[in-house]
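For reference, the structure discussed in these notes is given below.
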Amino acid sequence: MNKLFFKILVLLMSLSLIGIILVQVYWFNTSLENNDEQFKFHVKSVIGNVAEKLQEQEEFTYYDRFNKYKDSTGKLPQKNELLEFYYVQKNHKNNTTIVFTNSISSDDYSIAPSFLDKKSDSLKLKSFSSKRVTEIYDNNRFDNTKIQSDLTPDVKIEKSGNLDVLDEVAYKINYKEIASAMPLQERVSAVEIQKLLKKELEEYGVNTKFEFGIFSSGLATKVKSDGFVYHADNTYSIPIFSDNEGNNKYQLLVSFPQKKKFLLSDLVGITLLSIIFTLIIIIAYTSALNQLIRQRNISEIKTDFINNMTHEFKTPIATINLALDAIKNPKIIGDKDMVLKYLQMIKDENKRMHAQVENVLRISKLEKKELDISKESTNIQEVIEDAIEHVHLILEDREGTIAKHFKAERTIVLLNEVHFINVIVNILENAIKYSPNVPKIDIFTENIKEFLIIKIKDNGIGMSKVAQKRVFEKFYREHTGDLHDVKGHGLGLAYVKKIIDDHNGQIYVESEKGKGSTFIIKLPLMN
């Protein structure tokens with residue numbers, strides 16, 4: 001896959017994922033704001049209804065008491081004429097004149113101070129009534145200039161009754177004057193407000209805890225719920241008990257301590273689903289991206305492996321060809337020592353190529369779980385000694401040394417001797433191979449609790465932090481430019497890791513560039 005195309009693909013996928021997450025966050029914030037606005041609208045409606053009902057209830061109580069008092073006094077009120085007017089209209093078609101008369105009067109009631117629970121003079125209240133008369137006269141008998149008092153109309157219609165509108169206005173004016181002078185506790189109770197608020201909130205579907213309080217001129221009064229605390233974000237207010245001038249001394253405040261929780265409760269279900277689906281997308285995206293990167297890395301590693309293998313196989317093949325050509329030379333073929341020398345060269349190069357092929361096949365079988373690994377209780381120090389013998393000639397050729405520091409008292413481990421010798425040999429060969437100077441290797445053994453620890457320390461070139469994390473991956477080799485002075489394909493340590501894993505052990509490396517490496521193997525001891 002082209003690098004630029006791969007980067008563009010990853011960028012587009014990342015932007016799409018970020019876009020999905022941002023859309024989800026925007027949707028959540030918008031929904032929360034809408035819920036908040038709807039909550040605010042419902043609460044405003046509720047406290048508006050409660051304020052109106054408190055006023056109506058107080059008015060009704062006042063009117064009811066006044067009517068009962070008026071009916072129970074047995075006294076005739078003083079009647080006063082307030083207004084009288086006439087309206088005259090002539091109809092020439094039927095030769096008649098219509099005279100309309102309307103008179104408004106008031107009945108004055110004197111109310112004792114005891115009715116008002118006040119120690120003051122009595123109060124005058126008025127009840128208004130009207131009398132409406134319609135008279136029809138014949139024009140031949142009707143004087144155009146004035147209405148004759150002794151003239152009898154041809155038709156007379158009389159109507160009378162109370163003027164409820166004027167009565168209501170008069171009552172309201174007087175009631176507000178009286179109520180405004182009364183203490184708040186006598187006008188309304190906390191229990192009454194609690195019932196009204198609860199009923200109204202339930203009707204609007206606002207089923208959450210609430211607290212309330214009445215403030216007078218910005219100061220709290222005793223009419224409030226026990227848990228009321230003012231908080232700007234969750235408290236709503238409305239004026240109550242307005243006076244005749246439209247002023248409001250009192251404010252009803254209602255707070256909702258669990259407002260945020262209530263608003264989120266409507267979004268919990270859909271938000272959880274949204275989060276779950278978004279997480280699934282993120283996990284799927286991350287996995288897909290990881291697989292793409294891994295496949296890309298594997299592809300690069302395999303390409304590097306093929307290039308390295310091709311390069312390394314060229315040398316032994318060329319050496320074998322040269323050796324065969326030399327043997328064919330009549331001067332050489334008669335020299336037995338030279339022939340044996342060239343045959344040994346051919347054998348060594350062939351063995352080298354065969355070892356690499358075996359490594360590839362061994363790794364493949366391990367991955368397919370086809371490699372038979374039978375285990376027996378074995379003395380690990382004997383296995384290490386055998387492995388040292390295998391690398392003795394290579395080490396001697398480099399004039400290197402191996403120092404043994406066997407401090408482990410318990411050395412019996414359940415393992416496959418053949419494969420474990422290969423494990424130690426691989427690590428020792430690497431120690432020799434990656435030492436630019438004379439190889440100096442130290443092997444340590446010790447017991448820690450129920451484990452045997454093997455440490456193989458060299459004085460080689462060391463490795464970077466990145467290489468330490470990936471050194472046990474198949475085909476991985478730390479880049480050294482285009483140099484091929486060190487043979488190998490990154491298969492040996494992958495084989496080592498798989499064998500140790502199969503023995504329920506652990507392996508890791510400690511290293512520093514230019515200061516060598518230490519491979520540490522941890523194996524469970526036999527009970």
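Letters A, B, ... mark the chains of the structure tokens in the order given; residue numbers begin at 1 per chain; ligand numbers begin at 1, in order shown.
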
Exercise: stretch 27-36 of chain A partners within 8 Å, only C-alpha atoms, chain neighbours under 2 positions left out, as a short mmCIF file (atom, residue, chain, number, x, y, z; two decimals) with N, CA, C and O atoms, in the first residue's frame:
data_model
loop_
_atom_site.label_atom_id
_atom_site.label_comp_id
_atom_site.auth_asym_id
_atom_site.auth_seq_id
_atom_site.Cartn_x
_atom_site.Cartn_y
_atom_site.Cartn_z
N VAL A 23 -20.45 15.01 16.88
CA VAL A 23 -21.90 15.06 16.62
C VAL A 23 -22.67 14.53 17.83
O VAL A 23 -23.69 15.08 18.24
N GLN A 24 -22.16 13.43 18.42
CA GLN A 24 -22.81 12.85 19.60
C GLN A 24 -22.79 13.85 20.76
O GLN A 24 -23.78 14.01 21.47
N VAL A 25 -21.63 14.50 20.95
CA VAL A 25 -21.52 15.49 22.04
C VAL A 25 -22.45 16.67 21.78
O VAL A 25 -23.14 17.16 22.70
N GLN A 38 -37.45 23.34 28.39
CA GLN A 38 -38.78 22.77 28.64
C GLN A 38 -39.07 22.74 30.14
O GLN A 38 -40.18 23.05 30.58
N PHE A 39 -38.05 22.35 30.92
CA PHE A 39 -38.20 22.33 32.38
C PHE A 39 -38.52 23.72 32.90
O PHE A 39 -39.42 23.91 33.73
N LYS A 40 -37.78 24.73 32.38
CA LYS A 40 -37.98 26.12 32.79
C LYS A 40 -39.39 26.58 32.45
O LYS A 40 -40.07 27.23 33.27
N LEU A 263 -32.96 16.29 34.65
CA LEU A 263 -32.79 16.59 33.22
C LEU A 263 -32.03 15.48 32.51
O LEU A 263 -32.35 15.13 31.37
N LEU A 264 -31.02 14.92 33.19
CA LEU A 264 -30.23 13.85 32.58
C LEU A 264 -30.98 12.53 32.52
O LEU A 264 -30.66 11.69 31.67
N LEU A 267 -32.25 11.47 29.31
CA LEU A 267 -31.25 11.21 28.27
C LEU A 267 -30.39 9.99 28.58
O LEU A 267 -29.56 9.60 27.74
N THR A 271 -28.37 8.04 25.73
CA THR A 271 -26.95 8.41 25.85
C THR A 271 -26.08 7.18 26.07
O THR A 271 -25.00 7.06 25.47
#

**Q.** Long-range neighbours of A:Ser216 as number ranges by chain, 6 Å cut-off, only C-alpha atoms, 3 positions minimum in chain
**A.** A: 219, 249-250

Would you export the selected residues with C-alpha atoms as a PDB file, in the first residue's frame, please?
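File result28.pdb, as written:
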ATOM      1  CA  LEU A 219     -35.376  38.849  52.697  1.00  0.00           C
ATOM      2  CA  LYS A 249     -44.004  42.911  48.201  1.00  0.00           C
ATOM      3  CA  TYR A 250     -43.584  39.138  48.198  1.00  0.00           C
TER       4      TYR A 250
END

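These are the residues of stretch 326-441 of chain A assigned strand (DSSP E or B) by DSSP from backbone coordinates: Glu376, Ser377, Thr378, Asn379, Thr401, Ile402, Ala403, Lys404, His405, Phe406, Ile412, Val413, Leu414, Leu415, Lys440 and Ile441 of chain A.
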
Selected residues written out, N, CA and C atoms, as a PDB file, in the first residue's frame:
ATOM      1  N   GLU A 376      10.613 -33.321  30.545  1.00  0.00           N
ATOM      2  CA  GLU A 376      11.062 -34.190  31.633  1.00  0.00           C
ATOM      3  C   GLU A 376      11.746 -33.330  32.697  1.00  0.00           C
ATOM      4  N   SER A 377      11.808 -33.862  33.914  1.00  0.00           N
ATOM      5  CA  SER A 377      12.540 -33.134  34.953  1.00  0.00           C
ATOM      6  C   SER A 377      14.026 -33.202  34.626  1.00  0.00           C
ATOM      7  N   THR A 378      14.641 -32.027  34.544  1.00  0.00           N
ATOM      8  CA  THR A 378      16.024 -31.928  34.067  1.00  0.00           C
ATOM      9  C   THR A 378      16.785 -30.928  34.923  1.00  0.00           C
ATOM     10  N   ASN A 379      18.069 -31.187  35.083  1.00  0.00           N
ATOM     11  CA  ASN A 379      18.942 -30.251  35.782  1.00  0.00           C
ATOM     12  C   ASN A 379      19.345 -29.167  34.792  1.00  0.00           C
ATOM     13  N   THR A 401      35.398 -15.810  25.894  1.00  0.00           N
ATOM     14  CA  THR A 401      35.311 -16.590  27.134  1.00  0.00           C
ATOM     15  C   THR A 401      33.884 -16.567  27.673  1.00  0.00           C
ATOM     16  N   ILE A 402      33.555 -17.638  28.410  1.00  0.00           N
ATOM     17  CA  ILE A 402      32.269 -17.710  29.118  1.00  0.00           C
ATOM     18  C   ILE A 402      32.562 -17.986  30.580  1.00  0.00           C
ATOM     19  N   ALA A 403      32.066 -17.096  31.452  1.00  0.00           N
ATOM     20  CA  ALA A 403      32.234 -17.269  32.899  1.00  0.00           C
ATOM     21  C   ALA A 403      30.909 -17.728  33.490  1.00  0.00           C
ATOM     22  N   LYS A 404      30.963 -18.825  34.297  1.00  0.00           N
ATOM     23  CA  LYS A 404      29.744 -19.393  34.884  1.00  0.00           C
ATOM     24  C   LYS A 404      29.657 -18.993  36.359  1.00  0.00           C
ATOM     25  N   HIS A 405      28.483 -18.515  36.747  1.00  0.00           N
ATOM     26  CA  HIS A 405      28.218 -18.125  38.144  1.00  0.00           C
ATOM     27  C   HIS A 405      26.944 -18.843  38.594  1.00  0.00           C
ATOM     28  N   PHE A 406      27.084 -20.139  38.880  1.00  0.00           N
ATOM     29  CA  PHE A 406      25.922 -20.960  39.234  1.00  0.00           C
ATOM     30  C   PHE A 406      25.687 -20.883  40.749  1.00  0.00           C
ATOM     31  N   ILE A 412      16.269 -28.263  39.368  1.00  0.00           N
ATOM     32  CA  ILE A 412      15.461 -29.231  38.608  1.00  0.00           C
ATOM     33  C   ILE A 412      14.227 -28.520  38.039  1.00  0.00           C
ATOM     34  N   VAL A 413      14.117 -28.579  36.715  1.00  0.00           N
ATOM     35  CA  VAL A 413      13.029 -27.904  36.005  1.00  0.00           C
ATOM     36  C   VAL A 413      12.402 -28.885  35.017  1.00  0.00           C
ATOM     37  N   LEU A 414      11.087 -28.745  34.801  1.00  0.00           N
ATOM     38  CA  LEU A 414      10.394 -29.585  33.818  1.00  0.00           C
ATOM     39  C   LEU A 414      10.558 -28.942  32.450  1.00  0.00           C
ATOM     40  N   LEU A 415      11.328 -29.613  31.554  1.00  0.00           N
ATOM     41  CA  LEU A 415      11.557 -29.008  30.240  1.00  0.00           C
ATOM     42  C   LEU A 415      11.937 -30.074  29.203  1.00  0.00           C
ATOM     43  N   LYS A 440      32.931 -11.577  25.734  1.00  0.00           N
ATOM     44  CA  LYS A 440      33.026 -11.958  27.147  1.00  0.00           C
ATOM     45  C   LYS A 440      31.611 -12.151  27.666  1.00  0.00           C
ATOM     46  N   ILE A 441      31.298 -13.396  28.010  1.00  0.00           N
ATOM     47  CA  ILE A 441      29.918 -13.746  28.383  1.00  0.00           C
ATOM     48  C   ILE A 441      29.909 -14.255  29.816  1.00  0.00           C
TER      49      ILE A 441
END

Q. Distance atom CA of A:Val509-atom CA of A:Lys457, one decimal place?
A.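 Going from atom CA of A:Val509 over to atom CA of A:Lys457 covers 9.7 Å.
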
**Q.** Counting only C-alpha atoms, the residue of A:Lys90, A:Arg187, A:Lys331, A:Lys159 that sits nearest A:Asn139
**A.**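 Between A:Lys90, A:Arg187, A:Lys331, A:Lys159, the residue approaching A:Asn139 most closely is A:Lys90.
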
Q.
Using only C-alpha atoms, which protein or nucleic acid residues come within 10 Å of A:His42? Drop anything in the same chain fewer than 4 positions from it, and give the result as JSON, numbers by chain.
A. {"A": [36, 37, 38, 46, 47, 48, 200, 201, 203, 204, 205, 206]}

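As for atom CA of A:Phe6 and atom CA of A:Ile276, they are spaced 28.2 Å apart.
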
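Residues lying within 8 Å of A:Lys156, counting only C-alpha atoms and ignoring same-chain neighbours fewer than 3 positions away, are A:Val133, A:Thr134, A:Glu135, A:Ile136, A:Pro153.
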
Selection above as a file: N, CA and C atoms, as a PDB file, in the first residue's frame:
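Here's the written file selection-v5.pdb:
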ATOM      1  N   VAL A 133     -85.154  50.994  32.979  1.00  0.00           N
ATOM      2  CA  VAL A 133     -86.578  51.107  32.566  1.00  0.00           C
ATOM      3  C   VAL A 133     -86.623  51.531  31.106  1.00  0.00           C
ATOM      4  N   THR A 134     -87.422  50.844  30.311  1.00  0.00           N
ATOM      5  CA  THR A 134     -87.647  51.196  28.898  1.00  0.00           C
ATOM      6  C   THR A 134     -89.138  51.517  28.719  1.00  0.00           C
ATOM      7  N   GLU A 135     -89.433  52.770  28.254  1.00  0.00           N
ATOM      8  CA  GLU A 135     -90.831  53.206  28.072  1.00  0.00           C
ATOM      9  C   GLU A 135     -91.045  53.597  26.607  1.00  0.00           C
ATOM     10  N   ILE A 136     -92.193  53.201  26.063  1.00  0.00           N
ATOM     11  CA  ILE A 136     -92.534  53.521  24.665  1.00  0.00           C
ATOM     12  C   ILE A 136     -93.815  54.383  24.663  1.00  0.00           C
ATOM     13  N   PRO A 153     -96.877  55.662  29.805  1.00  0.00           N
ATOM     14  CA  PRO A 153     -96.364  55.097  28.548  1.00  0.00           C
ATOM     15  C   PRO A 153     -97.280  54.003  28.007  1.00  0.00           C
TER      16      PRO A 153
END

Q: From the DSSP assignment of the backbone, select every residue of stretch 171-344 of chain A that is helix (DSSP H, G or I), and format the answer as a ChimeraX atom specification.
A: /A:171-180,184-187,190-203,259-265,268-328,330-333,336-344

Would you kindly return, as a PDB file with C-alpha atoms, in the first residue's frame, each protein, DNA or RNA residue with an atom no farther than 12 Å from any atom of A:Lys328, considering only C-alpha atoms and excluding same-chain residues fewer than 4 positions away?
ATOM      1  CA  ASN A 321      30.660 -22.618  -6.485  1.00  0.00           C
ATOM      2  CA  LEU A 322      34.217 -21.314  -6.089  1.00  0.00           C
ATOM      3  CA  ALA A 323      35.184 -24.366  -4.009  1.00  0.00           C
ATOM      4  CA  LEU A 324      33.744 -26.721  -6.647  1.00  0.00           C
ATOM      5  CA  ILE A 332      44.121 -28.905  -6.753  1.00  0.00           C
ATOM      6  CA  ILE A 333      42.388 -32.220  -7.395  1.00  0.00           C
ATOM      7  CA  GLY A 334      45.703 -34.020  -6.967  1.00  0.00           C
ATOM      8  CA  ASP A 335      46.336 -32.340  -3.615  1.00  0.00           C
ATOM      9  CA  MET A 338      43.414 -28.921  -0.483  1.00  0.00           C
ATOM     10  CA  VAL A 339      40.487 -31.039  -1.665  1.00  0.00           C
ATOM     11  CA  TYR A 342      37.468 -27.109   0.010  1.00  0.00           C
ATOM     12  CA  LEU A 343      35.061 -29.960   0.838  1.00  0.00           C
TER      13      LEU A 343
END

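Distances here use only C-alpha atoms; by that measure, the residue among A:Arg132, A:Arg296, A:Lys455, A:Arg470 closest to A:Ser517 is A:Lys455.
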